[in-house]
$ cat final-v5.cif   # mmCIF, C-alpha atoms
data_structure
loop_
_atom_site.label_atom_id
_atom_site.label_comp_id
_atom_site.auth_asym_id
_atom_site.auth_seq_id
_atom_site.Cartn_x
_atom_site.Cartn_y
_atom_site.Cartn_z
CA MET A 1 57.28 -1.03 23.62
CA SER A 2 55.53 -3.77 21.70
CA ILE A 3 52.87 -6.16 22.88
CA SER A 4 53.37 -9.76 22.05
CA ILE A 5 50.07 -11.57 21.55
CA LYS A 6 51.66 -14.92 22.36
CA SER A 7 52.97 -13.69 25.67
CA ASN A 8 49.91 -11.74 26.80
CA PRO A 9 46.83 -13.95 27.47
CA ALA A 10 44.96 -11.01 29.05
CA PHE A 11 45.19 -9.12 25.76
CA ILE A 12 43.81 -12.13 23.88
CA ARG A 13 40.87 -12.39 26.32
CA ILE A 14 40.08 -8.70 25.90
CA LEU A 15 40.13 -9.08 22.10
CA LEU A 16 37.86 -12.13 22.28
CA ILE A 17 35.38 -10.21 24.41
CA LEU A 18 35.50 -6.89 22.55
CA PHE A 19 35.51 -8.21 18.99
CA PRO A 20 31.96 -9.68 19.08
CA VAL A 21 30.65 -6.63 20.94
CA LEU A 22 32.18 -4.23 18.41
CA PHE A 23 31.18 -6.37 15.44
CA PHE A 24 27.51 -6.73 16.40
CA SER A 25 27.12 -3.14 17.59
CA CYS A 26 28.11 -1.84 14.13
CA ASN A 27 24.84 -2.99 12.55
CA ASP A 28 22.85 -0.04 11.23
CA ASP A 29 19.41 0.95 12.50
CA THR A 30 17.69 -0.03 9.27
CA THR A 31 17.86 -3.80 9.75
CA HIS A 32 14.24 -3.81 10.86
CA GLU A 33 13.40 -2.03 7.60
CA LYS A 34 14.96 -4.86 5.62
CA ASN A 35 12.68 -7.36 7.35
CA ARG A 36 9.48 -5.40 6.69
CA THR A 37 7.04 -6.79 4.20
CA VAL A 38 6.74 -4.47 1.23
CA PHE A 39 4.07 -5.05 -1.37
CA ASP A 40 4.65 -3.42 -4.75
CA LEU A 41 1.23 -1.87 -5.42
CA ASN A 42 2.25 -0.26 -8.68
CA GLN A 43 3.49 -3.53 -10.16
CA TYR A 44 0.37 -5.30 -8.90
CA PHE A 45 -1.95 -2.89 -10.73
CA ILE A 46 0.17 -3.05 -13.89
CA SER A 47 -0.21 -6.83 -13.79
CA GLN A 48 -3.97 -6.60 -13.18
CA ILE A 49 -4.41 -4.15 -16.08
CA GLU A 50 -2.49 -6.47 -18.41
CA THR A 51 -4.50 -9.53 -17.35
CA LEU A 52 -7.87 -7.79 -17.62
CA GLY A 53 -6.93 -6.37 -21.04
CA LYS A 54 -5.73 -9.73 -22.42
CA GLU A 55 -8.77 -11.63 -21.21
CA GLY A 56 -11.15 -9.08 -22.75
CA PHE A 57 -13.20 -8.65 -19.59
CA TYR A 58 -16.19 -6.39 -20.00
CA LEU A 59 -17.03 -3.85 -17.34
CA ASN A 60 -20.37 -3.37 -15.63
CA LYS A 61 -20.02 0.12 -14.19
CA GLU A 62 -22.37 1.93 -11.83
CA ILE A 63 -21.86 5.62 -11.10
CA THR A 64 -23.77 7.40 -8.37
CA HIS A 65 -23.38 11.16 -8.08
CA ASN A 66 -25.45 12.94 -5.41
CA ASN A 67 -28.03 10.14 -5.37
CA LYS A 68 -28.38 9.92 -9.18
CA THR A 69 -27.29 6.54 -10.53
CA GLU A 70 -26.19 5.57 -14.02
CA ASN A 71 -25.29 2.06 -15.21
CA LYS A 72 -23.04 1.24 -18.16
CA ILE A 73 -21.82 -2.02 -19.66
CA ILE A 74 -18.49 -1.45 -21.36
CA PRO A 75 -17.13 -4.25 -23.59
CA ASN A 76 -13.34 -4.28 -23.91
CA ALA A 77 -12.93 -1.68 -21.17
CA ASP A 78 -9.75 0.37 -20.99
CA TRP A 79 -8.57 -0.98 -17.65
CA SER A 80 -5.67 1.45 -17.44
CA LYS A 81 -8.24 4.27 -17.31
CA GLU A 82 -10.56 2.38 -14.99
CA LEU A 83 -7.79 1.64 -12.49
CA ALA A 84 -5.88 4.91 -12.97
CA LEU A 85 -6.85 6.28 -9.55
CA PHE A 86 -5.61 3.11 -7.85
CA GLN A 87 -2.38 3.20 -9.81
CA ASN A 88 -1.86 6.92 -9.16
CA LEU A 89 -2.21 6.29 -5.43
CA SER A 90 0.27 3.44 -5.51
CA ILE A 91 3.40 4.11 -3.54
CA ASP A 92 6.73 2.79 -4.73
CA SER A 93 8.61 0.44 -2.44
CA LYS A 94 11.33 2.92 -1.45
CA LYS A 95 8.83 5.57 -0.40
CA LEU A 96 6.71 2.96 1.36
CA LEU A 97 9.69 1.87 3.42
CA ALA A 98 10.88 5.39 4.16
CA GLU A 99 7.63 7.20 4.88
CA PHE A 100 5.08 4.59 6.00
CA SER A 101 4.90 2.27 8.96
CA SER A 102 3.63 -1.24 8.41
CA ASP A 103 1.88 -3.79 10.52
CA THR A 104 1.16 -7.37 9.53
CA MET A 105 -1.79 -9.01 11.23
CA LEU A 106 -2.57 -12.71 11.10
CA GLN A 107 -6.34 -13.09 11.02
CA GLU A 108 -6.61 -16.84 10.57
CA LYS A 109 -4.24 -19.65 9.74
CA ASN A 110 -3.81 -18.72 6.07
CA ILE A 111 -5.29 -15.19 6.07
CA PHE A 112 -3.27 -12.11 6.90
CA LYS A 113 -3.40 -8.37 6.36
CA ILE A 114 -0.66 -5.79 5.83
CA ILE A 115 -1.56 -2.26 6.92
CA TYR A 116 0.53 0.73 5.86
CA SER A 117 0.08 4.09 7.59
CA PRO A 118 1.98 7.31 6.84
CA LEU A 119 4.49 8.47 9.42
CA ASP A 120 3.55 12.08 8.58
CA GLY A 121 -0.07 13.28 8.54
CA ASP A 122 0.50 15.41 5.42
CA PHE A 123 0.13 12.48 3.02
CA GLU A 124 -3.05 12.21 0.96
CA ILE A 125 -3.04 8.46 1.59
CA LYS A 126 -4.09 7.79 5.17
CA LYS A 127 -4.12 3.99 5.11
CA ILE A 128 -3.44 1.07 2.80
CA GLU A 129 -4.71 -2.39 3.71
CA ILE A 130 -3.88 -5.49 1.70
CA LEU A 131 -5.70 -8.71 2.58
CA PHE A 132 -4.11 -12.00 1.56
CA GLU A 133 -5.40 -15.55 1.62
CA ASP A 134 -2.86 -18.28 0.94
CA LYS A 135 -0.43 -15.47 -0.01
CA ILE A 136 -2.76 -14.30 -2.80
CA VAL A 137 -4.23 -10.79 -2.75
CA GLN A 138 -7.94 -10.86 -1.98
CA LYS A 139 -8.60 -7.15 -1.43
CA ILE A 140 -6.76 -3.83 -1.41
CA THR A 141 -8.28 -0.90 0.46
CA LEU A 142 -6.96 2.65 0.26
CA THR A 143 -8.23 5.53 2.38
CA THR A 144 -7.38 9.08 1.33
CA SER A 145 -8.05 12.56 2.61
CA ASN A 146 -7.05 15.82 1.00
CA GLU A 147 -7.73 19.40 2.01
CA ASN A 148 -6.90 22.78 0.54
CA TYR A 149 -8.51 26.22 0.48
CA LEU A 150 -10.95 25.25 -2.31
CA TYR A 151 -12.19 21.88 -1.09
CA SER A 152 -11.70 18.90 1.16
CA ASN A 153 -12.33 15.34 0.09
CA ASN A 154 -12.26 11.86 1.49
CA LYS A 155 -12.14 8.69 -0.59
CA HIS A 156 -12.41 5.03 0.23
CA LEU A 157 -11.16 2.77 -2.57
CA ILE A 158 -11.52 -1.01 -2.68
CA TYR A 159 -10.06 -3.34 -5.29
CA SER A 160 -10.40 -7.11 -5.58
CA PRO A 161 -8.47 -9.18 -8.13
CA LEU A 162 -9.65 -9.31 -11.72
CA GLY A 163 -11.75 -6.24 -11.86
CA TYR A 164 -14.08 -5.55 -8.92
CA TYR A 165 -13.56 -2.07 -7.56
CA SER A 166 -15.38 0.69 -5.77
CA ILE A 167 -14.50 4.31 -5.17
CA GLU A 168 -16.64 6.12 -2.64
CA GLY A 169 -16.13 9.67 -1.54
CA THR A 170 -17.34 12.99 -0.33
CA GLN A 171 -16.12 16.41 -1.33
CA HIS A 172 -16.90 19.65 0.51
CA THR A 173 -16.25 22.85 -1.41
CA ALA A 174 -15.34 26.25 0.02
CA ILE A 175 -18.78 27.59 -0.96
CA GLY A 176 -20.50 24.94 1.18
CA GLN A 177 -21.45 22.46 -1.53
CA GLU A 178 -21.27 18.76 -0.69
CA ILE A 179 -20.71 16.23 -3.45
CA ASN A 180 -21.13 12.51 -2.77
CA PHE A 181 -20.08 9.88 -5.27
CA LEU A 182 -19.79 6.14 -5.64
CA ILE A 183 -18.29 4.30 -8.59
CA LYS A 184 -18.52 0.51 -8.76
CA GLY A 185 -17.04 -1.64 -11.43
CA GLU A 186 -17.15 -5.38 -11.94
#

$ encode --input "final-v5.cif" --output "structure tokens"
Amino acid sequence: MSISIKSNPAFIRILLILFPVLFFSCNDDTTHEKNRTVFDLNQYFISQIETLGKEGFYLNKEITHNNKTENKIIPNADWSKELALFQNLSIDSKKLLAEFSSDTMLQEKNIFKIIYSPLDGDFEIKKIEILFEDKIVQKITLTTSNENYLYSNNKHLIYSPLGYYSIEGTQHTAIGQEINFLIKGE
């Protein structure tokens, strides 16, 4: 028995109804991932290091360790060393998409913030915030927390374009020692 499409209008109607349903239901669950905003932190810091190195920016660095402060002025700073912690905490785009949730918040007409949070609490990075004004990065904030049997530490890192940064943290050791530090560079 064969079905003739020309002679069976009911069959044609069923095909017209089922085809769009089947076609649109075959989309995968990752379409929302494709629409997420992903900021390439690693590439951003590579670009900042190159720009700061080419322009010959000097560095005014302040280091506070357990309430003792030291100031240094460093001409022709090695920005790859200065921003190494930021770059080491950068997450590549694939990992960011797979293992972090994101939320974009409009704060004013031309100011918005992207916030990345890990889906799993085991990540050292607890939050990444990137503030934009007119689609240009104004500030990147990273919050980290790490704990093992020897110590626990928390860090709050802030970076603004062309060289301002701060790294503030506390470390508690297994023997009860507390270490506080603050590093500012501009």

$ atom_distance --input "final-v5.cif" --atom1 "atom CA of A:Asn88" --atom2 "atom CA of A:Ile125"
10.9 Å

$ atom_distance --input "final-v5.cif" --atom1 "atom CA of A:Lys139" --atom2 "atom CA of A:Leu119"
23.1 Å

$ residues_around --input "final-v5.cif" --residues "A:Gly121" --least-positions-apart "4" --cutoff "12 Å" --atoms "only C-alpha atoms" --output "compact mmCIF listing (two decimals) with C-alpha atoms, keeping the file's coordinate frame"
# COMPACT_ATOMS: atom_id res chain seq x y z
CA GLU A 99 7.63 7.20 4.88
CA PHE A 100 5.08 4.59 6.00
CA SER A 117 0.08 4.09 7.59
CA ILE A 125 -3.04 8.46 1.59
CA LYS A 126 -4.09 7.79 5.17
CA LYS A 127 -4.12 3.99 5.11
CA THR A 144 -7.38 9.08 1.33
CA SER A 145 -8.05 12.56 2.61
CA ASN A 146 -7.05 15.82 1.00
CA GLU A 147 -7.73 19.40 2.01

$ closest_residue --input "final-v5.cif" --among "A:Phe132, A:Tyr44, A:Phe39, A:Phe86" --to "A:Leu157" --atoms "only C-alpha atoms"
A:Phe86

$ atom_distance --input "final-v5.cif" --atom1 "atom CA of A:His172" --atom2 "atom CA of A:Asp122"
18.6 Å

$ resolve_selection --input "final-v5.cif" --expression "the PyMOL selection byres ((chain A and resi 184) around 8)" --output "PyMOL selection string"
chain A and resi 61-63+164-167+182-183+185-186

$ closest_residue --input "final-v5.cif" --among "A:Asn76, A:Gln87, A:Gln43, A:Asn148" --to "A:Glu55" --atoms "all atoms listed in the file"
A:Asn76

$ closest_residue --input "final-v5.cif" --among "A:Leu97, A:Met105, A:Ile111, A:Ile158" --to "A:Ile136" --atoms "all atoms listed in the file"
A:Ile111

$ resolve_selection --input "final-v5.cif" --expression "the PyMOL selection byres ((chain A and resi 171) around 7)" --output "list of chain:residue names"
A:Tyr151, A:Ser152, A:Asn153, A:Asn154, A:Gly169, A:Thr170, A:His172, A:Thr173, A:Glu178, A:Ile179, A:Asn180

$ residues_around --input "final-v5.cif" --residues "A:Glu50" --least-positions-apart "6" --cutoff "12 Å" --atoms "all atoms listed in the file" --output "JSON, numbers by chain"
{"A": [43, 44, 56, 57, 77, 78, 79, 80, 83, 162, 163]}

$ write_last_selection --input "final-v5.cif" --atoms "C-alpha atoms" --output "PDB file, keeping the file's coordinate frame"
ATOM      1  CA  GLN A  43       3.490  -3.530 -10.160  1.00  0.00           C
ATOM      2  CA  TYR A  44       0.370  -5.300  -8.900  1.00  0.00           C
ATOM      3  CA  GLY A  56     -11.150  -9.080 -22.750  1.00  0.00           C
ATOM      4  CA  PHE A  57     -13.200  -8.650 -19.590  1.00  0.00           C
ATOM      5  CA  ALA A  77     -12.930  -1.680 -21.170  1.00  0.00           C
ATOM      6  CA  ASP A  78      -9.750   0.370 -20.990  1.00  0.00           C
ATOM      7  CA  TRP A  79      -8.570  -0.980 -17.650  1.00  0.00           C
ATOM      8  CA  SER A  80      -5.670   1.450 -17.440  1.00  0.00           C
ATOM      9  CA  LEU A  83      -7.790   1.640 -12.490  1.00  0.00           C
ATOM     10  CA  LEU A 162      -9.650  -9.310 -11.720  1.00  0.00           C
ATOM     11  CA  GLY A 163     -11.750  -6.240 -11.860  1.00  0.00           C
TER      12      GLY A 163
END

$ residues_near_point --input "final-v5.cif" --point "(-11.6, 2.8, 2.2)" --cutoff "6 Å" --atoms "all atoms listed in the file" --output "number ranges by chain"
A: 141-143, 156-157

$ residues_near_point --input "final-v5.cif" --point "(-23.1, -2.2, -16.4)" --cutoff "6 Å" --atoms "all atoms listed in the file" --output "list in words"
Asn60, Lys61, Asn71, Lys72 and Ile73 of chain A

$ write_last_selection --input "final-v5.cif" --atoms "C-alpha atoms" --output "CSV table (one decimal), in the coordinates of the input"
chain,number,residue,atom,x,y,z
A,60,ASN,CA,-20.4,-3.4,-15.6
A,61,LYS,CA,-20.0,0.1,-14.2
A,71,ASN,CA,-25.3,2.1,-15.2
A,72,LYS,CA,-23.0,1.2,-18.2
A,73,ILE,CA,-21.8,-2.0,-19.7

$ closest_residue --input "final-v5.cif" --among "A:Gln107, A:Glu133, A:Ile91, A:Tyr159" --to "A:Gln48" --atoms "all atoms listed in the file"
A:Tyr159

$ closest_residue --input "final-v5.cif" --among "A:Gln177, A:Ser102, A:Asn66, A:Ser90" --to "A:Ile114" --atoms "all atoms listed in the file"
A:Ser102

$ closest_residue --input "final-v5.cif" --among "A:Leu85, A:Glu70, A:Ile49, A:Glu124" --to "A:Pro161" --atoms "all atoms listed in the file"
A:Ile49

$ build_atoms --input "final-v5.cif" --residues "stretch 128-149 of chain A" --atoms "N, CA, C and O atoms" --output "mmCIF file, keeping the file's coordinate frame"
data_model
loop_
_atom_site.group_PDB
_atom_site.id
_atom_site.type_symbol
_atom_site.label_atom_id
_atom_site.label_comp_id
_atom_site.auth_asym_id
_atom_site.auth_seq_id
_atom_site.Cartn_x
_atom_site.Cartn_y
_atom_site.Cartn_z
ATOM 1 N N ILE A 128 -3.375 2.091 3.840
ATOM 2 C CA ILE A 128 -3.440 1.070 2.800
ATOM 3 C C ILE A 128 -3.558 -0.266 3.514
ATOM 4 O O ILE A 128 -2.748 -0.563 4.402
ATOM 5 N N GLU A 129 -4.551 -1.046 3.152
ATOM 6 C CA GLU A 129 -4.710 -2.390 3.710
ATOM 7 C C GLU A 129 -4.718 -3.391 2.570
ATOM 8 O O GLU A 129 -5.430 -3.193 1.584
ATOM 9 N N ILE A 130 -3.925 -4.437 2.718
ATOM 10 C CA ILE A 130 -3.880 -5.490 1.700
ATOM 11 C C ILE A 130 -4.188 -6.801 2.402
ATOM 12 O O ILE A 130 -3.466 -7.205 3.313
ATOM 13 N N LEU A 131 -5.262 -7.444 1.988
ATOM 14 C CA LEU A 131 -5.700 -8.710 2.580
ATOM 15 C C LEU A 131 -5.254 -9.859 1.685
ATOM 16 O O LEU A 131 -5.490 -9.828 0.473
ATOM 17 N N PHE A 132 -4.596 -10.830 2.287
ATOM 18 C CA PHE A 132 -4.110 -12.000 1.560
ATOM 19 C C PHE A 132 -4.769 -13.258 2.106
ATOM 20 O O PHE A 132 -5.029 -13.370 3.307
ATOM 21 N N GLU A 133 -5.009 -14.206 1.217
ATOM 22 C CA GLU A 133 -5.400 -15.550 1.620
ATOM 23 C C GLU A 133 -4.513 -16.504 0.840
ATOM 24 O O GLU A 133 -4.427 -16.408 -0.386
ATOM 25 N N ASP A 134 -3.844 -17.385 1.552
ATOM 26 C CA ASP A 134 -2.860 -18.280 0.940
ATOM 27 C C ASP A 134 -1.848 -17.497 0.097
ATOM 28 O O ASP A 134 -1.500 -17.889 -1.020
ATOM 29 N N LYS A 135 -1.428 -16.357 0.613
ATOM 30 C CA LYS A 135 -0.430 -15.470 -0.010
ATOM 31 C C LYS A 135 -0.886 -14.857 -1.331
ATOM 32 O O LYS A 135 -0.085 -14.363 -2.102
ATOM 33 N N ILE A 136 -2.191 -14.899 -1.594
ATOM 34 C CA ILE A 136 -2.760 -14.300 -2.800
ATOM 35 C C ILE A 136 -3.630 -13.115 -2.387
ATOM 36 O O ILE A 136 -4.442 -13.226 -1.471
ATOM 37 N N VAL A 137 -3.460 -11.990 -3.073
ATOM 38 C CA VAL A 137 -4.230 -10.790 -2.750
ATOM 39 C C VAL A 137 -5.715 -11.066 -2.934
ATOM 40 O O VAL A 137 -6.145 -11.553 -3.980
ATOM 41 N N GLN A 138 -6.487 -10.731 -1.909
ATOM 42 C CA GLN A 138 -7.940 -10.860 -1.980
ATOM 43 C C GLN A 138 -8.617 -9.492 -2.069
ATOM 44 O O GLN A 138 -9.662 -9.352 -2.692
ATOM 45 N N LYS A 139 -7.996 -8.481 -1.425
ATOM 46 C CA LYS A 139 -8.600 -7.150 -1.430
ATOM 47 C C LYS A 139 -7.545 -6.117 -1.058
ATOM 48 O O LYS A 139 -6.714 -6.354 -0.191
ATOM 49 N N ILE A 140 -7.606 -4.972 -1.731
ATOM 50 C CA ILE A 140 -6.760 -3.830 -1.410
ATOM 51 C C ILE A 140 -7.692 -2.669 -1.091
ATOM 52 O O ILE A 140 -8.611 -2.371 -1.868
ATOM 53 N N THR A 141 -7.473 -2.040 0.045
ATOM 54 C CA THR A 141 -8.280 -0.900 0.460
ATOM 55 C C THR A 141 -7.361 0.298 0.677
ATOM 56 O O THR A 141 -6.351 0.174 1.370
ATOM 57 N N LEU A 142 -7.716 1.411 0.080
ATOM 58 C CA LEU A 142 -6.960 2.650 0.260
ATOM 59 C C LEU A 142 -7.907 3.714 0.813
ATOM 60 O O LEU A 142 -9.039 3.862 0.328
ATOM 61 N N THR A 143 -7.459 4.446 1.807
ATOM 62 C CA THR A 143 -8.230 5.530 2.380
ATOM 63 C C THR A 143 -7.432 6.809 2.182
ATOM 64 O O THR A 143 -6.250 6.855 2.533
ATOM 65 N N THR A 144 -8.076 7.826 1.595
ATOM 66 C CA THR A 144 -7.380 9.080 1.330
ATOM 67 C C THR A 144 -8.161 10.251 1.910
ATOM 68 O O THR A 144 -9.378 10.171 2.123
ATOM 69 N N SER A 145 -7.440 11.315 2.146
ATOM 70 C CA SER A 145 -8.050 12.560 2.610
ATOM 71 C C SER A 145 -7.162 13.696 2.110
ATOM 72 O O SER A 145 -5.936 13.621 2.222
ATOM 73 N N ASN A 146 -7.800 14.711 1.550
ATOM 74 C CA ASN A 146 -7.050 15.820 1.000
ATOM 75 C C ASN A 146 -7.805 17.099 1.309
ATOM 76 O O ASN A 146 -9.032 17.138 1.198
ATOM 77 N N GLU A 147 -7.076 18.145 1.666
ATOM 78 C CA GLU A 147 -7.730 19.400 2.010
ATOM 79 C C GLU A 147 -6.879 20.561 1.514
ATOM 80 O O GLU A 147 -5.662 20.558 1.665
ATOM 81 N N ASN A 148 -7.551 21.531 0.901
ATOM 82 C CA ASN A 148 -6.900 22.780 0.540
ATOM 83 C C ASN A 148 -7.913 23.906 0.696
ATOM 84 O O ASN A 148 -9.012 23.673 1.207
ATOM 85 N N TYR A 149 -7.604 25.093 0.254
ATOM 86 C CA TYR A 149 -8.510 26.220 0.480
ATOM 87 C C TYR A 149 -9.763 26.173 -0.383
ATOM 88 O O TYR A 149 -10.744 26.852 -0.104
#
